[in-house]
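Pasted below: target_17.cif, mmCIF, C-alpha atoms.
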```cif
data_structure
loop_
_atom_site.label_atom_id
_atom_site.label_comp_id
_atom_site.auth_asym_id
_atom_site.auth_seq_id
_atom_site.Cartn_x
_atom_site.Cartn_y
_atom_site.Cartn_z
CA MET X 1 -168.38 -3.40 103.69
CA GLU X 2 -167.06 -5.60 106.48
CA GLN X 3 -165.65 -8.90 105.21
CA GLN X 4 -167.65 -11.90 106.37
CA LYS X 5 -165.72 -14.06 108.79
CA LYS X 6 -165.17 -17.62 107.62
CA THR X 7 -166.34 -20.55 109.73
CA PRO X 8 -163.91 -23.34 110.64
CA ILE X 9 -165.05 -26.67 109.22
CA ILE X 10 -162.19 -28.43 111.06
CA GLY X 11 -161.15 -27.28 114.50
CA ILE X 12 -158.21 -29.06 116.12
CA LYS X 13 -157.91 -28.19 119.80
CA ASN X 14 -154.90 -29.03 122.01
CA LEU X 15 -154.36 -32.33 120.21
CA SER X 16 -151.67 -34.67 121.50
CA LYS X 17 -150.82 -38.18 120.36
CA ILE X 18 -148.36 -40.39 122.23
CA PHE X 19 -147.48 -43.86 120.96
CA GLN X 20 -146.33 -46.57 123.34
CA THR X 21 -143.40 -48.50 121.88
CA LYS X 22 -140.94 -51.08 123.16
CA GLY X 23 -138.40 -48.29 123.47
CA GLY X 24 -140.75 -46.08 125.46
CA GLU X 25 -143.17 -43.26 124.67
CA VAL X 26 -143.00 -41.45 121.32
CA THR X 27 -144.79 -38.10 121.06
CA ALA X 28 -146.06 -37.63 117.51
CA LEU X 29 -148.24 -34.56 118.19
CA GLU X 30 -148.02 -32.21 121.15
CA ASP X 31 -150.68 -29.64 122.13
CA PHE X 32 -151.56 -29.09 118.47
CA SER X 33 -154.26 -26.52 117.64
CA LEU X 34 -155.39 -25.43 114.18
CA ASP X 35 -158.54 -24.10 112.49
CA ILE X 36 -159.24 -24.88 108.82
CA ASN X 37 -161.98 -22.70 107.38
CA ASP X 38 -164.78 -23.89 105.16
CA GLY X 39 -163.74 -23.51 101.51
CA ASP X 40 -160.00 -23.22 102.15
CA ILE X 41 -157.25 -25.04 100.34
CA TYR X 42 -155.10 -25.54 103.43
CA GLY X 43 -151.60 -26.96 103.36
CA VAL X 44 -149.83 -28.76 106.18
CA ILE X 45 -146.12 -29.10 105.43
CA GLY X 46 -143.27 -30.67 107.32
CA MET X 47 -140.25 -32.87 106.89
CA SER X 48 -140.34 -36.64 107.47
CA GLY X 49 -141.16 -37.39 111.09
CA ALA X 50 -142.85 -34.04 111.74
CA GLY X 51 -146.18 -35.74 112.54
CA LYS X 52 -148.08 -35.21 109.28
CA SER X 53 -149.38 -38.77 108.85
CA THR X 54 -150.48 -38.96 112.48
CA LEU X 55 -152.27 -35.63 112.15
CA VAL X 56 -154.29 -36.66 109.09
CA ARG X 57 -155.30 -39.94 110.75
CA CYS X 58 -156.48 -38.00 113.80
CA ILE X 59 -158.42 -35.56 111.62
CA ASN X 60 -160.52 -38.36 110.10
CA ALA X 61 -160.65 -40.28 113.42
CA LEU X 62 -158.77 -43.32 112.12
CA GLU X 63 -156.38 -42.63 114.99
CA LYS X 64 -157.63 -41.66 118.43
CA PRO X 65 -155.58 -38.89 120.02
CA THR X 66 -154.19 -39.21 123.53
CA SER X 67 -155.81 -35.89 124.43
CA GLY X 68 -157.55 -32.97 122.78
CA SER X 69 -160.35 -32.88 120.23
CA VAL X 70 -161.14 -32.66 116.53
CA ILE X 71 -164.32 -30.75 115.73
CA PHE X 72 -165.59 -31.48 112.23
CA ASN X 73 -168.59 -29.57 110.92
CA GLY X 74 -169.72 -28.90 114.50
CA LYS X 75 -169.23 -32.46 115.79
CA ASP X 76 -166.52 -33.62 118.17
CA LEU X 77 -165.21 -36.76 116.48
CA MET X 78 -163.78 -37.98 119.77
CA ALA X 79 -167.25 -37.96 121.35
CA ILE X 80 -169.07 -40.06 118.72
CA SER X 81 -168.66 -43.64 117.58
CA GLY X 82 -170.23 -46.46 115.58
CA ASP X 83 -172.69 -45.59 112.83
CA GLU X 84 -172.66 -41.88 113.67
CA LEU X 85 -168.87 -41.71 113.31
CA ASN X 86 -168.93 -43.69 110.05
CA LYS X 87 -171.61 -41.44 108.63
CA THR X 88 -169.69 -38.31 109.62
CA ARG X 89 -166.45 -39.73 108.26
CA ARG X 90 -168.07 -40.15 104.81
CA SER X 91 -168.13 -36.35 104.61
CA MET X 92 -164.34 -36.38 104.77
CA SER X 93 -162.81 -38.29 101.85
CA MET X 94 -159.14 -39.05 101.39
CA ILE X 95 -156.69 -39.59 98.55
CA PHE X 96 -153.33 -41.26 99.10
CA GLN X 97 -149.81 -41.31 97.71
CA GLN X 98 -150.18 -44.89 96.42
CA PHE X 99 -153.74 -44.43 95.06
CA ASN X 100 -155.20 -47.48 96.91
CA LEU X 101 -157.32 -48.62 93.96
CA LEU X 102 -158.87 -52.11 93.87
CA SER X 103 -156.87 -54.01 91.26
CA GLN X 104 -159.65 -56.53 90.50
CA ARG X 105 -162.16 -53.79 89.65
CA ASN X 106 -162.12 -51.59 86.57
CA VAL X 107 -162.07 -47.79 86.77
CA LEU X 108 -165.85 -47.38 86.76
CA SER X 109 -166.29 -50.06 89.41
CA ASN X 110 -163.62 -48.45 91.61
CA VAL X 111 -165.51 -45.16 91.61
CA CYS X 112 -168.81 -46.95 92.25
CA PHE X 113 -167.40 -48.82 95.24
CA PRO X 114 -168.05 -46.22 98.00
CA LEU X 115 -171.54 -45.66 96.59
CA GLU X 116 -172.26 -49.39 96.77
CA ILE X 117 -171.17 -49.42 100.42
CA SER X 118 -173.55 -46.53 101.09
CA GLY X 119 -176.44 -48.50 99.58
CA VAL X 120 -176.86 -46.39 96.43
CA PRO X 121 -178.69 -48.29 93.64
CA LYS X 122 -176.35 -49.56 90.93
CA ARG X 123 -177.93 -47.53 88.13
CA VAL X 124 -177.66 -44.31 90.13
CA ALA X 125 -174.12 -45.15 91.24
CA LYS X 126 -172.98 -45.84 87.66
CA LYS X 127 -174.46 -42.56 86.39
CA LYS X 128 -172.74 -40.56 89.13
CA ALA X 129 -169.45 -42.40 88.66
CA LEU X 130 -169.41 -41.59 84.95
CA GLU X 131 -170.09 -37.92 85.71
CA LEU X 132 -167.17 -37.87 88.15
CA LEU X 133 -164.86 -39.58 85.68
CA GLU X 134 -165.77 -36.90 83.17
CA LEU X 135 -165.04 -34.23 85.79
CA VAL X 136 -161.52 -35.59 86.34
CA GLY X 137 -160.93 -36.05 82.60
CA ILE X 138 -160.71 -39.83 82.43
CA LYS X 139 -164.16 -41.01 81.32
CA ASP X 140 -162.63 -42.77 78.31
CA LYS X 141 -160.78 -45.12 80.71
CA ALA X 142 -163.95 -46.32 82.48
CA LYS X 143 -163.49 -49.96 81.41
CA ASN X 144 -159.74 -50.10 82.02
CA TYR X 145 -158.16 -51.71 85.06
CA PRO X 146 -155.64 -49.95 87.36
CA SER X 147 -152.73 -51.95 85.91
CA GLN X 148 -153.47 -50.36 82.52
CA LEU X 149 -153.23 -46.79 83.82
CA SER X 150 -150.38 -44.34 84.38
CA GLY X 151 -149.73 -42.89 87.83
CA GLY X 152 -151.52 -39.66 86.99
CA GLN X 153 -154.53 -41.54 85.63
CA LYS X 154 -154.70 -43.69 88.76
CA GLN X 155 -154.73 -40.57 90.93
CA ARG X 156 -157.54 -39.09 88.84
CA VAL X 157 -159.56 -42.27 89.46
CA ALA X 158 -158.78 -41.98 93.18
CA ILE X 159 -159.97 -38.36 93.19
CA ALA X 160 -163.21 -39.32 91.42
CA ARG X 161 -163.76 -42.11 93.94
CA ALA X 162 -163.11 -39.72 96.84
CA LEU X 163 -165.74 -37.31 95.47
CA ALA X 164 -168.39 -40.02 95.07
CA THR X 165 -169.89 -39.51 98.54
CA ASP X 166 -170.17 -35.71 98.11
CA PRO X 167 -167.67 -34.96 100.88
CA LYS X 168 -167.31 -31.57 102.51
CA VAL X 169 -163.55 -32.06 102.93
CA LEU X 170 -160.97 -33.75 100.72
CA LEU X 171 -157.83 -34.87 102.57
CA CYS X 172 -154.79 -35.31 100.33
CA ASP X 173 -152.02 -37.25 102.08
CA GLU X 174 -148.84 -36.79 99.98
CA ALA X 175 -151.12 -37.26 96.97
CA THR X 176 -148.50 -36.17 94.41
CA SER X 177 -145.32 -37.59 95.96
CA ALA X 178 -145.29 -40.63 93.66
CA LEU X 179 -145.78 -38.55 90.51
CA ASP X 180 -143.35 -36.83 88.16
CA PRO X 181 -143.32 -32.98 88.10
CA THR X 182 -145.48 -32.62 84.98
CA THR X 183 -148.12 -35.03 86.28
CA THR X 184 -147.98 -33.37 89.71
CA ALA X 185 -148.76 -30.01 88.10
CA SER X 186 -151.74 -31.49 86.23
CA ILE X 187 -153.15 -33.12 89.40
CA LEU X 188 -152.78 -29.89 91.38
CA SER X 189 -154.50 -28.00 88.57
CA LEU X 190 -157.33 -30.55 88.67
CA LEU X 191 -157.72 -30.16 92.44
CA LYS X 192 -157.83 -26.39 92.07
CA ASP X 193 -160.50 -26.72 89.37
CA ILE X 194 -162.55 -29.09 91.57
CA HIS X 195 -162.28 -26.61 94.43
CA ALA X 196 -163.53 -23.80 92.19
CA ARG X 197 -166.44 -25.86 90.84
CA LEU X 198 -167.58 -27.62 94.00
CA GLY X 199 -166.41 -25.26 96.74
CA ILE X 200 -165.03 -28.25 98.64
CA THR X 201 -162.48 -27.72 101.43
CA ILE X 202 -159.14 -29.32 100.55
CA VAL X 203 -156.40 -30.18 103.03
CA ILE X 204 -153.00 -30.86 101.46
CA ILE X 205 -150.50 -32.87 103.53
CA THR X 206 -147.04 -32.67 101.96
CA HIS X 207 -143.31 -32.24 102.44
CA GLU X 208 -142.95 -30.24 99.21
CA MET X 209 -143.06 -26.44 99.34
CA GLY X 210 -143.69 -26.37 95.59
CA VAL X 211 -147.06 -28.09 96.13
CA ILE X 212 -148.06 -25.52 98.76
CA GLU X 213 -147.07 -22.62 96.51
CA LYS X 214 -149.06 -23.87 93.54
CA ILE X 215 -152.43 -24.57 95.17
CA CYS X 216 -152.84 -23.54 98.82
CA SER X 217 -154.23 -20.32 100.28
CA HIS X 218 -153.06 -21.05 103.84
CA VAL X 219 -150.36 -23.23 105.35
CA ALA X 220 -149.22 -24.61 108.70
CA VAL X 221 -145.57 -25.58 109.06
CA LEU X 222 -145.22 -28.70 111.19
CA GLU X 223 -142.06 -29.46 113.17
CA ASP X 224 -141.58 -32.19 115.78
CA GLY X 225 -145.32 -32.59 116.36
CA HIS X 226 -146.20 -28.94 116.81
CA ILE X 227 -146.96 -25.93 114.62
CA ALA X 228 -143.84 -23.86 114.04
CA GLU X 229 -145.77 -21.24 112.08
CA SER X 230 -149.08 -20.77 110.26
CA GLY X 231 -150.75 -18.16 108.10
CA SER X 232 -151.48 -17.29 104.48
CA VAL X 233 -149.09 -18.79 101.93
CA GLU X 234 -148.17 -15.27 100.80
CA GLN X 235 -147.36 -14.26 104.39
CA ILE X 236 -145.25 -17.35 105.10
CA PHE X 237 -143.45 -17.20 101.77
CA THR X 238 -142.51 -13.51 101.98
CA HIS X 239 -141.85 -13.23 105.73
CA PRO X 240 -141.18 -16.62 107.34
CA LYS X 241 -140.46 -16.19 111.05
CA SER X 242 -139.64 -19.68 112.34
CA ALA X 243 -136.48 -21.62 111.53
CA ALA X 244 -138.59 -24.47 110.10
CA ALA X 245 -140.46 -22.17 107.73
CA ARG X 246 -137.31 -20.35 106.66
CA LYS X 247 -135.65 -23.68 105.85
CA LEU X 248 -138.55 -24.60 103.56
CA VAL X 249 -138.93 -21.20 101.92
CA TYR X 250 -135.24 -20.28 101.64
CA PRO X 251 -133.44 -23.38 100.32
CA ASP X 252 -130.08 -21.61 100.17
CA GLU X 253 -128.38 -23.21 103.15
CA GLY X 254 -125.76 -24.65 100.80
CA MET X 255 -124.17 -21.21 100.53
CA ARG X 256 -123.32 -21.18 104.24
CA ASN X 257 -119.65 -20.41 104.90
CA ARG X 258 -118.92 -19.67 101.25
CA TYR X 259 -119.04 -15.91 101.65
CA VAL X 260 -118.04 -15.41 105.28
CA GLY X 261 -117.44 -11.84 106.48
CA GLU X 262 -119.32 -9.93 103.74
CA ARG X 263 -122.49 -7.98 104.40
CA CYS X 264 -125.51 -9.42 102.64
CA ILE X 265 -129.18 -8.49 102.54
CA ARG X 266 -132.31 -10.33 101.57
CA ILE X 267 -134.68 -8.40 99.30
CA VAL X 268 -138.27 -9.65 99.41
CA PHE X 269 -140.64 -9.07 96.52
CA ASP X 270 -144.22 -9.22 97.80
CA GLY X 271 -146.18 -9.02 94.55
CA SER X 272 -146.55 -5.26 94.38
CA SER X 273 -143.29 -4.49 92.60
CA SER X 274 -141.91 -7.80 91.34
CA TYR X 275 -142.25 -6.83 87.70
CA GLU X 276 -140.82 -3.32 88.16
CA PRO X 277 -137.08 -2.88 87.51
CA VAL X 278 -136.46 -1.72 91.09
CA PHE X 279 -133.20 -3.59 91.50
CA SER X 280 -131.63 -2.43 88.23
CA ASN X 281 -132.82 1.13 88.94
CA MET X 282 -131.10 0.99 92.34
CA ILE X 283 -127.80 0.05 90.69
CA LEU X 284 -128.09 2.90 88.19
CA ASP X 285 -129.46 5.59 90.51
CA CYS X 286 -127.16 4.81 93.45
CA ASN X 287 -124.13 3.94 91.30
CA VAL X 288 -123.37 0.84 93.38
CA ILE X 289 -121.95 -2.52 92.38
CA VAL X 290 -123.58 -5.53 94.07
CA ASN X 291 -123.30 -9.30 93.75
CA ILE X 292 -126.48 -11.36 93.34
CA MET X 293 -125.83 -14.55 95.25
CA PHE X 294 -129.27 -16.17 95.14
CA ALA X 295 -132.64 -15.38 93.58
CA ASP X 296 -135.99 -17.18 93.49
CA MET X 297 -139.39 -16.14 92.15
CA LYS X 298 -142.74 -17.91 92.44
CA ASP X 299 -146.27 -17.34 91.15
CA ILE X 300 -148.59 -17.69 94.16
CA GLU X 301 -152.30 -17.05 93.62
CA GLY X 302 -151.52 -14.86 90.60
CA LYS X 303 -148.87 -12.75 92.39
CA ALA X 304 -145.18 -12.76 91.61
CA LEU X 305 -143.47 -13.38 94.95
CA GLY X 306 -139.84 -14.04 95.61
CA HIS X 307 -136.60 -13.07 97.28
CA MET X 308 -133.01 -12.29 96.41
CA ILE X 309 -129.82 -12.40 98.46
CA VAL X 310 -127.42 -9.63 97.50
CA GLN X 311 -123.83 -9.00 98.60
CA LEU X 312 -123.39 -5.26 99.24
CA PRO X 313 -120.33 -3.09 98.53
CA LYS X 314 -117.64 -3.02 101.23
CA ASP X 315 -118.09 0.74 101.48
CA GLU X 316 -120.66 1.23 104.27
CA LEU X 317 -121.98 4.51 102.86
CA GLN X 318 -122.71 2.89 99.51
CA ALA X 319 -124.26 -0.13 101.23
CA GLU X 320 -126.57 2.04 103.35
CA LYS X 321 -127.46 4.12 100.30
CA ALA X 322 -128.60 0.98 98.46
CA ILE X 323 -130.67 -0.21 101.43
CA ALA X 324 -132.29 3.21 101.87
CA TYR X 325 -133.19 3.31 98.16
CA LEU X 326 -134.92 -0.08 98.29
CA ARG X 327 -136.83 0.76 101.48
CA ALA X 328 -137.95 4.07 99.98
CA LYS X 329 -139.49 2.03 97.15
CA GLY X 330 -141.39 -0.08 99.69
CA ILE X 331 -139.23 -3.19 99.22
CA PRO X 332 -138.73 -5.24 102.43
CA VAL X 333 -135.00 -5.61 103.20
CA GLU X 334 -133.39 -7.67 105.96
CA GLU X 335 -129.88 -8.64 106.93
CA ALA X 336 -128.94 -12.13 105.72
CA ASN X 337 -125.33 -12.72 106.79
CA ASN X 338 -126.26 -15.37 109.35
CA GLU X 339 -127.72 -17.54 106.58
CA LEU X 340 -124.66 -17.61 104.38
#
```
For the structure just supplied, provide its representation as structure tokens.
Amino acid sequence: MEQQKKTPIIGIKNLSKIFQTKGGEVTALEDFSLDINDGDIYGVIGMSGAGKSTLVRCINALEKPTSGSVIFNGKDLMAISGDELNKTRRSMSMIFQQFNLLSQRNVLSNVCFPLEISGVPKRVAKKKALELLELVGIKDKAKNYPSQLSGGQKQRVAIARALATDPKVLLCDEATSALDPTTTASILSLLKDIHARLGITIVIITHEMGVIEKICSHVAVLEDGHIAESGSVEQIFTHPKSAAARKLVYPDEGMRNRYVGERCIRIVFDGSSSYEPVFSNMILDCNVIVNIMFADMKDIEGKALGHMIVQLPKDELQAEKAIAYLRAKGIPVEEANNEL
């Protein structure tokens, strides 16, 4: 049966954003195009200054681009304004790094706030807010104030508030950057659970590859205001093509110049053989001695994916024998000397 093609819920077409400053023009985004399909958990990753914050503000029309368009759910956000834009924007909620809760309101009142603005009766708003607090696992804190909550609890309140208007898209702008690793993992798990229950499209804006690996199905790597590379997380993680993606996926630049002049290969495990003892079998069957210089393994969407940099024997025949063995087993192998 032919797989049904997904429909983009966000279509970014030839988007550019130029800021006028005292020092001259600054190009934050340049001819940027990207489709995010309905129901995806899509990651946008880049280092500081790559244009991530500008992009997310253009997606929800808080920032007007210099040129190009953002099509959301069939509507060009650049072509509408006023009440129509505000109504459309309510279908695209956002959670932030610093939570942005109202300190003078308790947890329940914070979640009710967007419903009040939309004119929802108080009784109905309170009922829905309590249901959302239960969904995010913090119903028992309904009467507490933000100052009485931990960072993870505050972000759970922010997520509940963002879901109050039944959005089609949830934008997460560095939503876990202010949290410790354990709390980050719990928030990402919550977002994944919400995605599974509600089918909501989630866009993750981050500078952390670990966040992308844990939750996203697709990713775009942002560099200097343009897309360096995009595709499935599995594809980018196992076979990054651009320098920007390789820098994020292969954090082994510190080994550069330490092993100059030796032949090294990168072995990529793509999920099909990660738990098979292919590497140890190669050593035994080929009778070769190798040096493991770097190894990393991740669990991405239930698959064990990873890579290993190996220093080969000086004897070229033995080195080629090892490479041939791995390729015969279907393991991707590439030269890696230029990275060391």
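Distance-wise, CA of Asn14 (chain X) and CA of Ile45 (chain X) end up 18.8 Å apart.
The residues returned by the PyMOL selection byres ((chain X and resi 108) around 8) for this structure are Arg105, Asn106, Val107, Ser109, Asn110, Val111, Cys112, Lys126, Ala129, Leu130, Leu133, Ala142 and Lys143 of chain X.
Within the 9 Å cut-off around Ala244 (chain X), using all atoms listed in the file and omitting residues fewer than 2 positions from it on the same chain, the listed residues are Gly46, Val221, Leu222, Glu223, Ala228, Glu229, Pro240, Lys241, Ser242, Arg246, Lys247, Leu248 and Val249 of chain X.
Around Val290 (chain X), within 7 Å and counting only C-alpha atoms, the residues found are Val288, Ile292, Val310, Gln311, Leu312 and Pro313 of chain X, once anything fewer than 2 positions away on its own chain is removed.
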Written file, previous selection with C-alpha atoms, as a PDB file, in the coordinates of the input:
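Everything below was put into selection_38.pdb:
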```
ATOM      1  CA  VAL X 288    -123.370   0.840  93.380  1.00  0.00           C
ATOM      2  CA  ILE X 292    -126.480 -11.360  93.340  1.00  0.00           C
ATOM      3  CA  VAL X 310    -127.420  -9.630  97.500  1.00  0.00           C
ATOM      4  CA  GLN X 311    -123.830  -9.000  98.600  1.00  0.00           C
ATOM      5  CA  LEU X 312    -123.390  -5.260  99.240  1.00  0.00           C
ATOM      6  CA  PRO X 313    -120.330  -3.090  98.530  1.00  0.00           C
TER       7      PRO X 313
END
```
Item checked: CA of Met293 (chain X) to CA of Glu320 (chain X), straight-line distance in Å -> 18.5 Å
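Here the question is which of X:Ala319, X:Ile59, X:Ile117, X:Ala50 gets nearest to Lys75 (chain X) using only C-alpha atoms, and that residue is X:Ile59.
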Margin query: So the first atom is CA of Val124 (chain X) and the second is CA of Ala164 (chain X); what is the distance between them in Å, to one decimal place?
Written below: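 Going from CA of Val124 (chain X) over to CA of Ala164 (chain X), I get 11.3 Å.
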Notebook entry, point to check: Applied to this file, what does the PyMOL selection byres ((chain X and resi 36-44) around 7) return in terms of residues, put as a list in words?
Noted result: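 Applied to this file, the PyMOL selection byres ((chain X and resi 36-44) around 7) returns Lys6, Thr7, Pro8, Ile9, Ile10, Gly11, Leu34, Asp35, Ile45, Gly46, Gly199, Ile200, Thr201, Ile202, Val203, Ile204, Ile205, Thr206, Ile212, Cys216, Ser217, His218, Val219, Ala220, Val221 and Leu222 of chain X.
Between Thr54 (chain X) and the residues X:Gly225, X:Gly137, X:Pro277, X:Gly306, the shortest atom-to-atom distance, using all atoms listed in the file, involves X:Gly225.
Of the listed residues X:Gly24, X:Ala125, X:Val169, X:His207, the one whose atoms come nearest to Gly51 (chain X) is X:His207, with distances taken using all atoms listed in the file.
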Check: So which residues get picked by the PyMOL selection byres ((chain X and resi 154) around 10) here, written as an NGL selection string?
Finding: :X and (98-101 or 107 or 138 or 145-153 or 155-160)
Notebook entry, point to check: Which residues come within 9 Å of Ala162 (chain X), counting only C-alpha atoms, excluding same-chain residues fewer than 5 positions away, as a list in words?
Noted result: Met92, Ser93, Met94, Ile95, Val111, Pro114, Val157, Pro167 and Leu170 of chain X
Let me see the file: selected residues, C-alpha atoms, as a short mmCIF file (atom, residue, chain, number, x, y, z; two decimals), in the coordinates of the input.
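Output file part02.cif follows:
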```
data_model
loop_
_atom_site.label_atom_id
_atom_site.label_comp_id
_atom_site.auth_asym_id
_atom_site.auth_seq_id
_atom_site.Cartn_x
_atom_site.Cartn_y
_atom_site.Cartn_z
CA MET X 92 -164.34 -36.38 104.77
CA SER X 93 -162.81 -38.29 101.85
CA MET X 94 -159.14 -39.05 101.39
CA ILE X 95 -156.69 -39.59 98.55
CA VAL X 111 -165.51 -45.16 91.61
CA PRO X 114 -168.05 -46.22 98.00
CA VAL X 157 -159.56 -42.27 89.46
CA PRO X 167 -167.67 -34.96 100.88
CA LEU X 170 -160.97 -33.75 100.72
#
```
Padding 4 Å on every side, please: axis-aligned box over the listed atoms of region 310-318 of chain X, centre and edge lengths to one decimal in Å, as JSON.
```
{"center_x": -122.5, "center_y": -2.6, "center_z": 100.9, "size_x": 17.8, "size_y": 22.1, "size_z": 14.8}
```
Check: Counting all atoms listed in the file, what is within 12 Å of Glu63 (chain X), bar same-chain residues fewer than 3 positions away, as a VMD selection string?
Finding: chain X and resid 15 to 19 28 to 29 53 to 60 66 to 67 69 to 70 77 to 78
Restricted to C-alpha atoms, what would the selected residues look like written as a CSV table (one decimal), in the coordinates of the input?
```
chain,number,residue,atom,x,y,z
X,15,LEU,CA,-154.4,-32.3,120.2
X,16,SER,CA,-151.7,-34.7,121.5
X,17,LYS,CA,-150.8,-38.2,120.4
X,18,ILE,CA,-148.4,-40.4,122.2
X,19,PHE,CA,-147.5,-43.9,121.0
X,28,ALA,CA,-146.1,-37.6,117.5
X,29,LEU,CA,-148.2,-34.6,118.2
X,53,SER,CA,-149.4,-38.8,108.8
X,54,THR,CA,-150.5,-39.0,112.5
X,55,LEU,CA,-152.3,-35.6,112.2
X,56,VAL,CA,-154.3,-36.7,109.1
X,57,ARG,CA,-155.3,-39.9,110.8
X,58,CYS,CA,-156.5,-38.0,113.8
X,59,ILE,CA,-158.4,-35.6,111.6
X,60,ASN,CA,-160.5,-38.4,110.1
X,66,THR,CA,-154.2,-39.2,123.5
X,67,SER,CA,-155.8,-35.9,124.4
X,69,SER,CA,-160.4,-32.9,120.2
X,70,VAL,CA,-161.1,-32.7,116.5
X,77,LEU,CA,-165.2,-36.8,116.5
X,78,MET,CA,-163.8,-38.0,119.8
```
Notebook entry, point to check: Please, which residues are within 9 Å of (-137.6, -5.1, 99.8) by the file's coordinates, counting all atoms listed in the file, and could they come as a list in words?
Noted result: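 The answer, in the requested form, is Arg266, Ile267, Val268, Phe269, Asp270, His307, Ile323, Leu326, Arg327, Lys329, Gly330, Ile331, Pro332, Val333 and Glu334 of chain X.
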Would you put the residues from that selection into a file with C-alpha atoms, as a compact mmCIF listing (two decimals), keeping the file's coordinate frame?
```
# COMPACT_ATOMS: atom_id res chain seq x y z
CA ARG X 266 -132.31 -10.33 101.57
CA ILE X 267 -134.68 -8.40 99.30
CA VAL X 268 -138.27 -9.65 99.41
CA PHE X 269 -140.64 -9.07 96.52
CA ASP X 270 -144.22 -9.22 97.80
CA HIS X 307 -136.60 -13.07 97.28
CA ILE X 323 -130.67 -0.21 101.43
CA LEU X 326 -134.92 -0.08 98.29
CA ARG X 327 -136.83 0.76 101.48
CA LYS X 329 -139.49 2.03 97.15
CA GLY X 330 -141.39 -0.08 99.69
CA ILE X 331 -139.23 -3.19 99.22
CA PRO X 332 -138.73 -5.24 102.43
CA VAL X 333 -135.00 -5.61 103.20
CA GLU X 334 -133.39 -7.67 105.96
```
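The closest residue to Asn86 (chain X), picked from X:Gly49, X:Ala61, X:Ser232, X:Gly68 and counting only C-alpha atoms, is X:Ala61.
If you measure from each of X:Ile289, X:Leu305, X:Ala175, X:Met282 to Phe237 (chain X) using all atoms listed in the file, the closest one turns out to be X:Leu305.
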Show which residues sit within 8 Å of Cys286 (chain X), as a compact mmCIF listing (two decimals) with C-alpha atoms, keeping the file's coordinate frame. Count all atoms listed in the file, and ignore same-chain residues fewer than 5 positions away.
```txt
# COMPACT_ATOMS: atom_id res chain seq x y z
CA GLN X 318 -122.71 2.89 99.51
CA LYS X 321 -127.46 4.12 100.30
CA ALA X 322 -128.60 0.98 98.46
CA TYR X 325 -133.19 3.31 98.16
```
